[in-house]
file input-v6.cif (mmCIF, C-alpha atoms)
data_run
#
loop_
_atom_site.label_atom_id
_atom_site.label_comp_id
_atom_site.auth_asym_id
_atom_site.auth_seq_id
_atom_site.Cartn_x
_atom_site.Cartn_y
_atom_site.Cartn_z
CA MET Q 550 64.80 105.09 104.00
CA ARG Q 551 64.02 101.38 104.32
CA MET Q 552 66.24 99.17 106.41
CA LYS Q 553 67.48 95.89 104.92
CA ASN Q 554 70.14 93.31 105.75
CA GLN Q 555 71.48 92.41 102.33
CA LEU Q 556 72.46 93.95 99.00
CA THR Q 557 73.43 92.04 95.87
CA VAL Q 558 76.19 93.39 93.62
CA LYS Q 559 75.99 92.50 89.93
CA TYR Q 560 78.56 92.43 87.15
CA GLU Q 561 77.23 92.62 83.59
CA GLU Q 562 73.71 92.06 84.98
CA LYS Q 563 74.72 88.84 86.79
CA PRO Q 564 74.85 88.61 90.63
CA ILE Q 565 78.44 88.14 91.81
CA TYR Q 566 78.37 88.75 95.57
CA ASP Q 567 76.29 89.98 98.47
CA ILE Q 568 76.89 92.70 101.04
CA ILE Q 569 75.51 91.36 104.32
CA LEU Q 570 74.81 93.53 107.39
CA GLU Q 571 74.71 91.73 110.75
CA LYS Q 572 75.06 92.65 114.43
CA ASP Q 573 77.67 89.97 115.20
CA PHE Q 574 79.67 87.13 113.61
CA THR Q 575 76.99 84.47 114.20
CA ASN Q 576 76.13 84.06 110.51
CA LEU Q 577 79.68 84.24 109.14
CA LEU Q 578 79.96 80.46 108.82
CA SER Q 579 76.67 80.19 106.93
CA VAL Q 580 77.93 82.85 104.50
CA PHE Q 581 81.04 80.73 103.91
CA HIS Q 582 78.90 77.69 103.12
CA THR Q 583 76.61 79.65 100.82
CA ILE Q 584 79.32 81.26 98.71
CA LEU Q 585 81.91 78.49 98.59
CA LYS Q 586 79.38 75.80 97.67
CA GLU Q 587 81.50 72.86 98.78
CA GLU Q 588 80.20 71.31 101.96
CA ARG Q 589 79.48 68.11 103.84
CA THR Q 590 76.61 67.64 106.25
CA ASP Q 591 76.14 65.86 109.57
CA THR Q 592 73.22 63.58 110.41
CA ASN Q 593 71.02 66.57 111.23
CA ASP Q 594 71.55 67.87 107.71
CA GLN Q 595 73.53 70.84 109.01
CA PRO Q 596 76.62 71.94 107.04
CA ILE Q 597 79.72 71.33 109.13
CA PHE Q 598 82.71 71.20 106.82
CA ILE Q 599 84.20 73.01 103.82
CA ASN Q 600 87.20 71.31 102.22
CA LYS Q 601 89.17 74.53 101.82
CA LYS Q 602 91.98 76.27 103.66
CA VAL Q 603 91.29 79.77 104.94
CA CYS Q 604 93.89 82.44 105.66
CA ILE Q 605 92.61 85.27 107.84
CA VAL Q 606 94.58 88.46 107.15
CA SER Q 607 94.38 91.19 109.78
CA ASP Q 608 96.41 93.95 111.40
CA SER Q 609 97.93 94.25 114.86
CA GLN Q 610 95.01 96.26 116.25
CA VAL Q 611 91.99 94.48 114.77
CA SER Q 612 93.43 91.03 115.47
CA ASN Q 613 93.47 91.79 119.19
CA HIS Q 614 89.74 92.45 119.11
CA TYR Q 615 88.27 89.93 116.69
CA LEU Q 616 90.73 87.33 115.39
CA ARG Q 617 90.02 84.74 118.08
CA GLU Q 618 86.25 85.16 117.67
CA VAL Q 619 86.43 84.68 113.90
CA ILE Q 620 88.71 81.65 114.26
CA GLU Q 621 86.26 80.05 116.70
CA SER Q 622 83.34 80.65 114.33
CA LEU Q 623 85.15 78.70 111.57
CA LYS Q 624 87.11 76.15 113.62
CA GLY Q 625 86.21 72.58 112.74
CA HIS Q 626 84.23 73.71 109.72
CA VAL Q 627 87.09 74.28 107.25
CA LYS Q 628 90.08 72.20 106.23
CA GLU Q 629 92.65 74.48 107.89
CA ILE Q 630 92.88 78.00 109.31
CA LYS Q 631 96.00 80.11 108.94
CA THR Q 632 96.45 83.68 110.14
CA PHE Q 633 98.63 86.51 108.86
CA THR Q 634 98.92 89.69 110.91
CA PHE Q 635 100.88 92.81 109.98
CA THR Q 636 101.59 96.09 111.74
CA GLN Q 637 98.61 98.42 111.72
CA GLY Q 638 98.74 101.47 109.46
CA GLU Q 639 99.16 102.75 105.92
CA GLU Q 640 102.95 102.30 106.16
CA SER Q 641 102.37 98.51 105.95
CA LYS Q 642 100.32 98.74 102.76
CA ASN Q 643 103.18 97.91 100.43
CA LEU Q 644 104.73 95.14 98.37
CA ASP Q 645 106.97 94.01 101.25
CA THR Q 646 103.88 93.00 103.23
CA VAL Q 647 102.38 91.35 100.14
CA TYR Q 648 105.63 89.38 99.61
CA ALA Q 649 105.50 88.17 103.22
CA LEU Q 650 101.90 87.04 102.72
CA TYR Q 651 102.83 85.30 99.45
CA ASP Q 652 105.58 83.45 101.31
CA MET Q 653 103.17 82.25 104.00
CA LEU Q 654 100.63 81.09 101.42
CA ILE Q 655 103.27 79.21 99.43
CA THR Q 656 104.82 77.49 102.45
CA SER Q 657 101.31 76.60 103.69
CA LYS Q 658 100.52 75.14 100.25
CA PHE Q 659 97.49 77.29 99.52
CA ASP Q 660 96.07 76.53 96.08
CA ARG Q 661 93.49 78.17 93.84
CA LYS Q 662 90.51 76.61 95.61
CA ASP Q 663 91.48 78.11 98.97
CA VAL Q 664 90.31 81.40 100.45
CA LEU Q 665 91.66 84.61 101.95
CA MET Q 666 89.65 86.65 104.43
CA ALA Q 667 90.32 90.37 104.97
CA LEU Q 668 89.49 91.12 108.60
CA GLY Q 669 90.09 94.82 109.20
CA GLY Q 670 89.85 98.29 107.74
CA GLY Q 671 90.67 99.61 104.29
CA VAL Q 672 94.40 98.86 104.44
CA VAL Q 673 93.72 95.19 105.27
CA GLY Q 674 91.01 94.92 102.62
CA ASP Q 675 93.04 96.55 99.85
CA LEU Q 676 96.18 94.53 100.58
CA THR Q 677 94.36 91.20 100.97
CA GLY Q 678 92.36 91.82 97.80
CA TYR Q 679 95.51 92.60 95.81
CA THR Q 680 97.19 89.46 97.13
CA ALA Q 681 94.11 87.40 96.20
CA ALA Q 682 94.10 88.93 92.72
CA THR Q 683 97.73 88.08 92.02
CA TYR Q 684 98.44 84.84 93.94
CA LEU Q 685 98.21 81.94 91.46
CA ARG Q 686 96.57 84.43 89.04
CA GLY Q 687 93.63 84.84 91.37
CA ILE Q 688 92.02 83.08 94.33
CA SER Q 689 88.81 83.77 96.27
CA PHE Q 690 88.63 86.28 99.09
CA ILE Q 691 86.02 87.61 101.49
CA GLN Q 692 85.83 91.12 102.88
CA VAL Q 693 85.03 91.46 106.60
CA PRO Q 694 85.42 95.23 107.12
CA THR Q 695 85.71 96.45 110.70
CA SER Q 696 86.00 100.22 110.16
CA LEU Q 697 83.15 102.49 109.12
CA LEU Q 698 85.12 103.76 106.14
CA ALA Q 699 85.84 100.24 104.88
CA MET Q 700 82.20 99.20 105.36
CA VAL Q 701 80.84 101.95 103.13
CA ASP Q 702 83.68 102.32 100.65
CA SER Q 703 86.81 100.24 100.16
CA SER Q 704 85.26 96.79 100.74
CA ILE Q 705 82.84 97.30 97.83
CA GLY Q 706 83.63 97.30 94.13
CA GLY Q 707 86.69 95.11 93.68
CA LYS Q 708 89.37 97.81 93.61
CA THR Q 709 92.46 96.45 95.33
CA GLY Q 710 95.95 97.84 95.66
CA VAL Q 711 99.02 98.83 97.62
CA ASP Q 712 101.10 101.99 97.86
CA PHE Q 713 104.44 102.46 96.14
CA HIS Q 714 107.00 104.88 97.63
CA ALA Q 715 104.09 106.60 99.44
CA TYR Q 716 102.13 107.07 96.20
CA LYS Q 717 98.75 105.76 97.21
CA ASN Q 718 97.31 102.70 95.44
CA MET Q 719 99.74 102.97 92.53
CA ILE Q 720 99.89 99.17 92.19
CA GLY Q 721 96.60 97.34 92.04
CA ALA Q 722 94.07 95.16 90.29
CA PHE Q 723 90.32 94.74 89.98
CA HIS Q 724 89.32 91.57 91.84
CA GLN Q 725 85.81 91.09 93.21
CA PRO Q 726 85.27 89.54 96.65
CA LYS Q 727 83.00 86.53 97.13
CA ALA Q 728 81.11 88.41 99.85
CA VAL Q 729 81.24 91.46 102.10
CA TYR Q 730 80.25 90.59 105.67
CA ILE Q 731 79.63 93.67 107.84
CA ASN Q 732 79.45 93.11 111.61
CA LEU Q 733 78.06 96.41 112.88
CA SER Q 734 79.21 95.73 116.45
CA THR Q 735 82.86 96.13 115.38
CA LEU Q 736 82.21 99.88 115.20
CA ASN Q 737 82.22 99.92 119.01
CA SER Q 738 85.95 99.15 119.13
CA LEU Q 739 86.90 102.14 116.96
CA THR Q 740 88.32 105.29 118.47
CA ASP Q 741 86.21 108.41 117.94
CA ARG Q 742 88.69 109.60 115.35
CA GLN Q 743 88.60 106.31 113.41
CA PHE Q 744 84.80 106.28 113.54
CA ASN Q 745 84.48 109.89 112.40
CA SER Q 746 86.90 109.33 109.52
CA GLY Q 747 84.26 107.23 107.79
CA PHE Q 748 81.99 110.23 107.40
CA GLY Q 749 84.31 111.71 104.79
CA GLU Q 750 83.14 108.98 102.41
CA ILE Q 751 79.54 108.87 103.71
CA ILE Q 752 78.90 112.60 103.27
CA LYS Q 753 80.60 112.33 99.88
CA HIS Q 754 77.98 109.77 98.80
CA GLY Q 755 75.18 112.21 99.53
CA LEU Q 756 76.94 115.12 97.85
CA ILE Q 757 77.66 113.29 94.61
CA LYS Q 758 74.56 111.12 94.22
CA ASP Q 759 71.68 111.73 96.65
CA ALA Q 760 70.66 115.13 98.00
CA ALA Q 761 67.88 113.51 100.08
CA TYR Q 762 70.41 111.24 101.78
CA TYR Q 763 72.67 114.23 102.41
CA GLN Q 764 69.70 115.97 104.06
CA TRP Q 765 68.95 112.82 106.10
CA LEU Q 766 72.53 112.75 107.40
CA ASP Q 767 72.16 116.35 108.58
CA GLU Q 768 68.82 115.66 110.23
CA ASN Q 769 70.04 112.50 112.00
CA LYS Q 770 73.56 113.58 112.89
CA GLU Q 771 72.99 113.47 116.66
CA ALA Q 772 71.67 109.89 116.59
CA ILE Q 773 74.51 108.90 114.26
CA LEU Q 774 77.23 110.25 116.56
CA SER Q 775 75.55 108.61 119.55
CA LYS Q 776 75.95 105.32 117.62
CA ASP Q 777 72.27 104.42 117.58
CA LEU Q 778 72.60 100.98 115.97
CA ASN Q 779 69.40 101.16 113.92
CA VAL Q 780 70.32 104.57 112.54
CA LEU Q 781 73.86 103.41 111.77
CA LYS Q 782 72.51 100.35 109.96
CA GLU Q 783 70.20 102.52 107.86
CA MET Q 784 73.05 104.89 107.04
CA ILE Q 785 75.54 102.17 106.14
CA PHE Q 786 72.98 100.35 103.99
CA ARG Q 787 72.23 103.50 101.97
CA SER Q 788 75.92 104.35 101.49
CA CYS Q 789 76.62 100.78 100.36
CA GLU Q 790 73.65 101.02 98.01
CA ILE Q 791 74.99 104.22 96.43
CA LYS Q 792 78.45 102.76 95.91
CA ARG Q 793 76.97 99.48 94.62
CA ASP Q 794 74.92 101.34 92.02
CA VAL Q 795 77.94 103.30 90.78
CA VAL Q 796 80.31 100.32 90.49
CA GLU Q 797 77.70 98.16 88.78
CA LYS Q 798 77.41 100.73 85.99
CA ASP Q 799 81.19 101.19 85.69
CA PRO Q 800 83.07 98.23 87.25
CA LYS Q 801 86.50 99.11 85.78
CA GLU Q 802 86.38 102.89 86.31
CA VAL Q 803 86.30 103.95 82.69
CA GLY Q 804 83.45 106.43 83.19
CA ASP Q 805 81.14 107.55 85.98
CA ARG Q 806 82.83 105.49 88.71
CA ALA Q 807 85.39 108.30 88.78
CA LEU Q 808 82.68 110.38 90.50
CA LEU Q 809 83.53 108.44 93.67
CA ASN Q 810 86.88 110.27 93.59
CA PHE Q 811 85.23 113.51 94.75
CA GLY Q 812 87.68 114.89 97.32
CA HIS Q 813 90.36 112.33 96.45
CA THR Q 814 92.27 114.24 93.77
CA LEU Q 815 93.88 116.64 96.25
CA GLY Q 816 93.10 114.47 99.28
CA HIS Q 817 95.59 111.80 98.22
CA SER Q 818 98.29 114.44 97.76
CA ILE Q 819 97.66 115.82 101.24
CA GLU Q 820 97.69 112.28 102.64
CA LYS Q 821 101.15 111.63 101.20
CA LEU Q 822 102.60 114.99 102.22
CA MET Q 823 101.33 114.54 105.77
CA ASP Q 824 103.13 111.17 105.78
CA PHE Q 825 99.76 109.52 106.51
CA LYS Q 826 99.47 111.26 109.88
CA LEU Q 827 95.95 112.20 108.81
CA LEU Q 828 93.45 109.40 108.25
CA HIS Q 829 92.13 108.75 104.75
CA GLY Q 830 88.66 110.10 105.51
CA GLU Q 831 90.17 113.27 106.96
CA CYS Q 832 92.19 113.87 103.80
CA VAL Q 833 89.16 113.19 101.61
CA THR Q 834 87.31 115.83 103.64
CA LEU Q 835 89.98 118.42 102.88
CA GLY Q 836 89.86 117.52 99.20
CA MET Q 837 86.07 117.80 99.26
CA MET Q 838 86.28 121.30 100.71
CA ALA Q 839 88.71 122.33 97.96
CA ALA Q 840 86.53 120.81 95.23
CA GLY Q 841 83.45 122.35 96.81
CA TYR Q 842 85.14 125.73 96.77
CA ILE Q 843 85.88 125.45 93.03
CA SER Q 844 82.27 124.40 92.48
CA TYR Q 845 81.13 127.51 94.39
CA LYS Q 846 83.49 129.82 92.47
CA ARG Q 847 82.05 128.45 89.22
CA ASN Q 848 78.54 129.20 90.52
CA TYR Q 849 77.58 125.51 90.49
CA ILE Q 850 76.65 125.63 94.20
CA THR Q 851 75.89 128.57 96.47
CA LYS Q 852 77.99 130.01 99.28
CA GLU Q 853 75.29 128.80 101.68
CA GLN Q 854 75.64 125.24 100.36
CA LEU Q 855 79.43 125.39 100.70
CA ASP Q 856 79.12 126.67 104.27
CA ARG Q 857 76.57 123.99 105.12
CA MET Q 858 78.92 121.31 103.83
CA LYS Q 859 81.68 122.73 106.01
CA GLU Q 860 79.42 122.81 109.07
CA LEU Q 861 78.31 119.19 108.60
CA LEU Q 862 81.89 117.97 108.20
CA GLU Q 863 82.92 119.91 111.30
CA TYR Q 864 80.02 118.38 113.25
CA PHE Q 865 81.56 114.98 112.59
CA LYS Q 866 84.91 116.38 113.82
CA LEU Q 867 86.52 116.25 110.41
CA PRO Q 868 89.17 118.81 109.36
CA VAL Q 869 88.16 121.51 106.90
CA CYS Q 870 91.58 123.19 106.80
CA VAL Q 871 95.17 122.05 107.28
CA SER Q 872 98.48 123.65 108.19
CA GLY Q 873 102.12 122.89 107.46
CA LEU Q 874 101.76 122.31 103.72
CA SER Q 875 102.48 124.46 100.68
CA VAL Q 876 100.41 124.93 97.55
CA ASP Q 877 103.38 124.09 95.34
CA ASP Q 878 104.09 120.80 97.12
CA ILE Q 879 100.46 119.66 96.85
CA LEU Q 880 100.33 120.52 93.15
CA GLN Q 881 103.61 118.71 92.53
CA VAL Q 882 102.34 115.50 94.14
CA ALA Q 883 98.98 115.81 92.37
CA SER Q 884 100.77 115.89 89.03
CA HIS Q 885 101.87 112.28 89.66
CA ASP Q 886 98.41 111.09 90.69
CA LYS Q 887 96.94 108.13 88.82
CA LYS Q 888 93.94 110.31 87.97
CA MET Q 889 96.09 112.25 85.48
CA GLU Q 890 95.01 111.59 81.88
CA SER Q 891 97.05 112.88 78.93
CA GLY Q 892 98.62 115.47 81.19
CA LYS Q 893 95.27 116.71 82.50
CA LEU Q 894 94.02 116.24 86.03
CA LYS Q 895 90.63 114.53 86.13
CA PHE Q 896 88.75 116.54 88.75
CA ILE Q 897 85.34 115.87 90.30
CA LEU Q 898 83.11 118.88 90.97
CA LEU Q 899 79.55 119.38 92.19
CA ASN Q 900 77.30 120.96 89.60
CA ARG Q 901 74.64 120.85 92.31
CA VAL Q 902 74.24 119.14 95.70
CA GLY Q 903 73.46 115.50 94.97
CA ASN Q 904 75.06 115.50 91.53
CA ALA Q 905 78.75 115.42 90.58
CA ILE Q 906 80.53 115.81 87.26
CA ILE Q 907 83.91 114.84 85.83
CA ASP Q 908 85.91 117.87 84.74
CA THR Q 909 89.32 118.11 83.05
CA SER Q 910 89.25 121.88 82.59
CA VAL Q 911 90.18 122.93 86.17
CA THR Q 912 93.02 125.41 85.80
CA LYS Q 913 96.14 125.80 87.88
CA ASP Q 914 94.84 129.15 89.12
CA GLU Q 915 91.61 127.51 90.29
CA LEU Q 916 93.60 124.81 92.11
CA ILE Q 917 95.81 127.41 93.80
CA ASP Q 918 92.76 129.40 94.89
CA ALA Q 919 91.08 126.28 96.28
CA LEU Q 920 94.20 125.16 98.13
CA GLN Q 921 94.65 128.58 99.69
CA TYR Q 922 91.03 128.23 100.91
CA ILE Q 923 91.85 125.05 102.89
CA LEU Q 924 95.42 125.90 103.98
CA LYS Q 925 95.82 127.69 107.31
#

call {"tool": "encode", "arguments": {"input": "input-v6.cif", "output": "structure tokens"}}
result
Amino acid sequence: MRMKNQLTVKYEEKPIYDIILEKDFTNLLSVFHTILKEERTDTNDQPIFINKKVCIVSDSQVSNHYLREVIESLKGHVKEIKTFTFTQGEESKNLDTVYALYDMLITSKFDRKDVLMALGGGVVGDLTGYTAATYLRGISFIQVPTSLLAMVDSSIGGKTGVDFHAYKNMIGAFHQPKAVYINLSTLNSLTDRQFNSGFGEIIKHGLIKDAAYYQWLDENKEAILSKDLNVLKEMIFRSCEIKRDVVEKDPKEVGDRALLNFGHTLGHSIEKLMDFKLLHGECVTLGMMAAGYISYKRNYITKEQLDRMKELLEYFKLPVCVSGLSVDDILQVASHDKKMESGKLKFILLNRVGNAIIDTSVTKDELIDALQYILK
């Protein structure tokens, strides 16, 4: 695979934003100037000021690591910097937090020309994006993902949302960012568990769209876990490329974009029932194993391919089975999932490694069998 620093995302064949991979925050200001296109220059013809307010939204963990550094990179170059920090975790991804952010934006007199920045993982990105989509009927926002999972998945594609009574992403909107700025060095502040969680989505990309990439992940797994920066950059670029290609073809999830939900149909139900004690990537992994099992039972993939998938997930310290849940409870929650259509559960299966299909014919007996496979 070739290594690059930038990907352009298009909507209806027109470029709308770039995904930029860097090793630090040095170029963040120049990205602001490029995308916001309102600047003044000093005597050396260097851009020094953007006449916009910026609100940096972060959580209690990420802000301790990077908020000051990001503020310093923008200080003196924008009209005003505000910050909004909420308690880390999925339990904060709700309308109460959005209301608090609305209140801060209103009292700070943010208008439609101003900008939000999502500095954090998927929860921060989803919540900030939803706020940007709905405040004053839509203002600009920039994604600055700091978790591996957010870098390769939630920061790309314009899907935003918050949870409602623990039903994941039940309230949301499509709202594209102005840019996605990935600082690879932020991966160093993740715990091993947070870092490994991202591989649920990364391995998913190979399984649903690129068998060669899936093979590459297996062959380079030692260098990946050792956090070789060049290997990580190559991996993240390819995963972003796969997601970019899917969302460009189906920006509003009316067709093939649903393939990205491989592992999510049951994974979201497990996530809710575990009261979010498991990370999103861990729950996706469990859902992938269940979907992989159905694919195997239908003779779409072999037992060897199912076992290999399990071994690769386990190498990245991801769960392939779970205890403390019942089949009936998981099925009950799944019946309320937003992927239900006309009473049928839209399920994603592998018809071969590297190619996924949308299926609405999965029976209750198949679901029970698959859940028994992943339940201890």

call {"tool": "closest_residue", "arguments": {"input": "input-v6.cif", "among": "Q:Ala840, Q:Ile906, Q:Val611, Q:Ala681", "to": "Thr735 of chain Q", "atoms": "only C-alpha atoms"}}
result
Q:Val611

call {"tool": "closest_atom_pairs", "arguments": {"input": "input-v6.cif", "of": "segment 691-733 of chain Q", "to": "segment 790-801 of chain Q", "cutoff": "9 Å", "atoms": "only C-alpha atoms", "output": "JSON lines"}}
result
{"residue": "Q:Val701", "atom": "CA", "partner": "Q:Lys792", "partner_atom": "CA", "distance": 7.6}
{"residue": "Q:Asp702", "atom": "CA", "partner": "Q:Lys792", "partner_atom": "CA", "distance": 7.1}
{"residue": "Q:Ile705", "atom": "CA", "partner": "Q:Arg793", "partner_atom": "CA", "distance": 7.0}
{"residue": "Q:Gly706", "atom": "CA", "partner": "Q:Val796", "partner_atom": "CA", "distance": 5.8}
{"residue": "Q:Gly707", "atom": "CA", "partner": "Q:Pro800", "partner_atom": "CA", "distance": 8.0}
{"residue": "Q:Lys708", "atom": "CA", "partner": "Q:Lys801", "partner_atom": "CA", "distance": 8.4}
{"residue": "Q:Phe723", "atom": "CA", "partner": "Q:Lys801", "partner_atom": "CA", "distance": 7.2}

call {"tool": "closest_residue", "arguments": {"input": "input-v6.cif", "among": "Q:Ile655, Q:Leu736, Q:Ala728, Q:Ile599", "to": "Ile584 of chain Q", "atoms": "all atoms listed in the file"}}
result
Q:Ala728

call {"tool": "resolve_selection", "arguments": {"input": "input-v6.cif", "expression": "the PyMOL selection byres ((chain Q and resi 900) around 7)", "output": "list in words"}}
result
Ser844, Tyr849, Ile850, Leu898, Leu899, Arg901, Asn904, Ala905 and Ile906 of chain Q

call {"tool": "resolve_selection", "arguments": {"input": "input-v6.cif", "expression": "the PyMOL selection byres ((chain Q and resi 614) around 12)", "output": "list in words"}}
result
Ser607, Asp608, Ser609, Gln610, Val611, Ser612, Asn613, Tyr615, Leu616, Arg617, Glu618, Val619, Ile620, Leu668, Gly669, Thr695, Ser734, Thr735, Leu736, Asn737, Ser738 and Leu739 of chain Q

call {"tool": "write_last_selection", "arguments": {"input": "input-v6.cif", "atoms": "C-alpha atoms", "output": "compact mmCIF listing (two decimals), keeping the file's coordinate frame"}}
result
# COMPACT_ATOMS: atom_id res chain seq x y z
CA SER Q 607 94.38 91.19 109.78
CA ASP Q 608 96.41 93.95 111.40
CA SER Q 609 97.93 94.25 114.86
CA GLN Q 610 95.01 96.26 116.25
CA VAL Q 611 91.99 94.48 114.77
CA SER Q 612 93.43 91.03 115.47
CA ASN Q 613 93.47 91.79 119.19
CA TYR Q 615 88.27 89.93 116.69
CA LEU Q 616 90.73 87.33 115.39
CA ARG Q 617 90.02 84.74 118.08
CA GLU Q 618 86.25 85.16 117.67
CA VAL Q 619 86.43 84.68 113.90
CA ILE Q 620 88.71 81.65 114.26
CA LEU Q 668 89.49 91.12 108.60
CA GLY Q 669 90.09 94.82 109.20
CA THR Q 695 85.71 96.45 110.70
CA SER Q 734 79.21 95.73 116.45
CA THR Q 735 82.86 96.13 115.38
CA LEU Q 736 82.21 99.88 115.20
CA ASN Q 737 82.22 99.92 119.01
CA SER Q 738 85.95 99.15 119.13
CA LEU Q 739 86.90 102.14 116.96

call {"tool": "closest_atom_pairs", "arguments": {"input": "input-v6.cif", "of": "segment 663-718 of chain Q", "to": "segment 872-882 of chain Q", "cutoff": "12 Å", "atoms": "only C-alpha atoms", "output": "JSON lines"}}
result
{"residue": "Q:Ala715", "atom": "CA", "partner": "Q:Val882", "partner_atom": "CA", "distance": 10.5}
{"residue": "Q:Tyr716", "atom": "CA", "partner": "Q:Val882", "partner_atom": "CA", "distance": 8.7}
{"residue": "Q:Lys717", "atom": "CA", "partner": "Q:Val882", "partner_atom": "CA", "distance": 10.8}

call {"tool": "closest_residue", "arguments": {"input": "input-v6.cif", "among": "Q:Asp652, Q:Glu621, Q:Asp663, Q:Glu640", "to": "Lys601 of chain Q", "atoms": "all atoms listed in the file"}}
result
Q:Asp663

call {"tool": "residues_around", "arguments": {"input": "input-v6.cif", "residues": "Tyr845 of chain Q", "least_positions_apart": "5", "cutoff": "12 Å", "atoms": "only C-alpha atoms", "output": "MDAnalysis selection string"}}
result
chainID Q and resid 837:840 850:856 858 898:902 915 918:919 922

call {"tool": "resolve_selection", "arguments": {"input": "input-v6.cif", "expression": "the PyMOL selection byres ((chain Q and resi 819) around 9)", "output": "list of chain:residue names"}}
result
Q:Leu815, Q:Gly816, Q:His817, Q:Ser818, Q:Glu820, Q:Lys821, Q:Leu822, Q:Met823, Q:Asp824, Q:Phe825, Q:Leu827, Q:Cys832, Q:Val833, Q:Leu835, Q:Gly836, Q:Leu874, Q:Ile879, Q:Val882, Q:Ala883

call {"tool": "residues_around", "arguments": {"input": "input-v6.cif", "residues": "Leu685 of chain Q", "least_positions_apart": "6", "cutoff": "10 Å", "atoms": "all atoms listed in the file", "output": "short mmCIF file (atom, residue, chain, number, x, y, z; two decimals) with C-alpha atoms, in the coordinates of the input"}}
result
data_model
loop_
_atom_site.label_atom_id
_atom_site.label_comp_id
_atom_site.auth_asym_id
_atom_site.auth_seq_id
_atom_site.Cartn_x
_atom_site.Cartn_y
_atom_site.Cartn_z
CA TYR Q 651 102.83 85.30 99.45
CA ILE Q 655 103.27 79.21 99.43
CA PHE Q 659 97.49 77.29 99.52
CA ASP Q 660 96.07 76.53 96.08
CA ARG Q 661 93.49 78.17 93.84
#

call {"tool": "atom_distance", "arguments": {"input": "input-v6.cif", "atom1": "atom CA of Leu570 of chain Q", "atom2": "atom CA of Arg787 of chain Q"}}
result
11.6 Å

call {"tool": "atom_distance", "arguments": {"input": "input-v6.cif", "atom1": "atom CA of His813 of chain Q", "atom2": "atom CA of Asn769 of chain Q"}}
result
25.6 Å

call {"tool": "atom_distance", "arguments": {"input": "input-v6.cif", "atom1": "atom CA of Leu676 of chain Q", "atom2": "atom CA of Phe713 of chain Q"}}
result
12.3 Å

call {"tool": "closest_residue", "arguments": {"input": "input-v6.cif", "among": "Q:Phe896, Q:Gly671, Q:Asp741, Q:Ile907", "to": "Gly804 of chain Q", "atoms": "all atoms listed in the file"}}
result
Q:Ile907

call {"tool": "closest_residue", "arguments": {"input": "input-v6.cif", "among": "Q:Thr909, Q:Asn576, Q:Ser884, Q:Thr834", "to": "Phe811 of chain Q", "atoms": "only C-alpha atoms"}}
result
Q:Thr834

call {"tool": "decode", "arguments": {"input": "input-v6.cif", "residues": "segment 759-770 of chain Q", "atoms": "C-alpha atoms", "output": "mmCIF file, in the first residue's frame"}}
result
data_model
loop_
_atom_site.group_PDB
_atom_site.id
_atom_site.type_symbol
_atom_site.label_atom_id
_atom_site.label_comp_id
_atom_site.auth_asym_id
_atom_site.auth_seq_id
_atom_site.Cartn_x
_atom_site.Cartn_y
_atom_site.Cartn_z
ATOM 1 C CA ASP Q 759 -10.694 -5.498 0.858
ATOM 2 C CA ALA Q 760 -9.371 -9.019 1.352
ATOM 3 C CA ALA Q 761 -5.826 -7.848 0.518
ATOM 4 C CA TYR Q 762 -5.981 -5.242 3.291
ATOM 5 C CA TYR Q 763 -7.319 -7.886 5.685
ATOM 6 C CA GLN Q 764 -4.313 -10.054 4.772
ATOM 7 C CA TRP Q 765 -1.971 -7.068 5.252
ATOM 8 C CA LEU Q 766 -3.350 -6.492 8.756
ATOM 9 C CA ASP Q 767 -2.603 -10.115 9.638
ATOM 10 C CA GLU Q 768 0.907 -9.930 8.199
ATOM 11 C CA ASN Q 769 1.749 -6.645 9.954
ATOM 12 C CA LYS Q 770 -0.018 -7.214 13.260
#
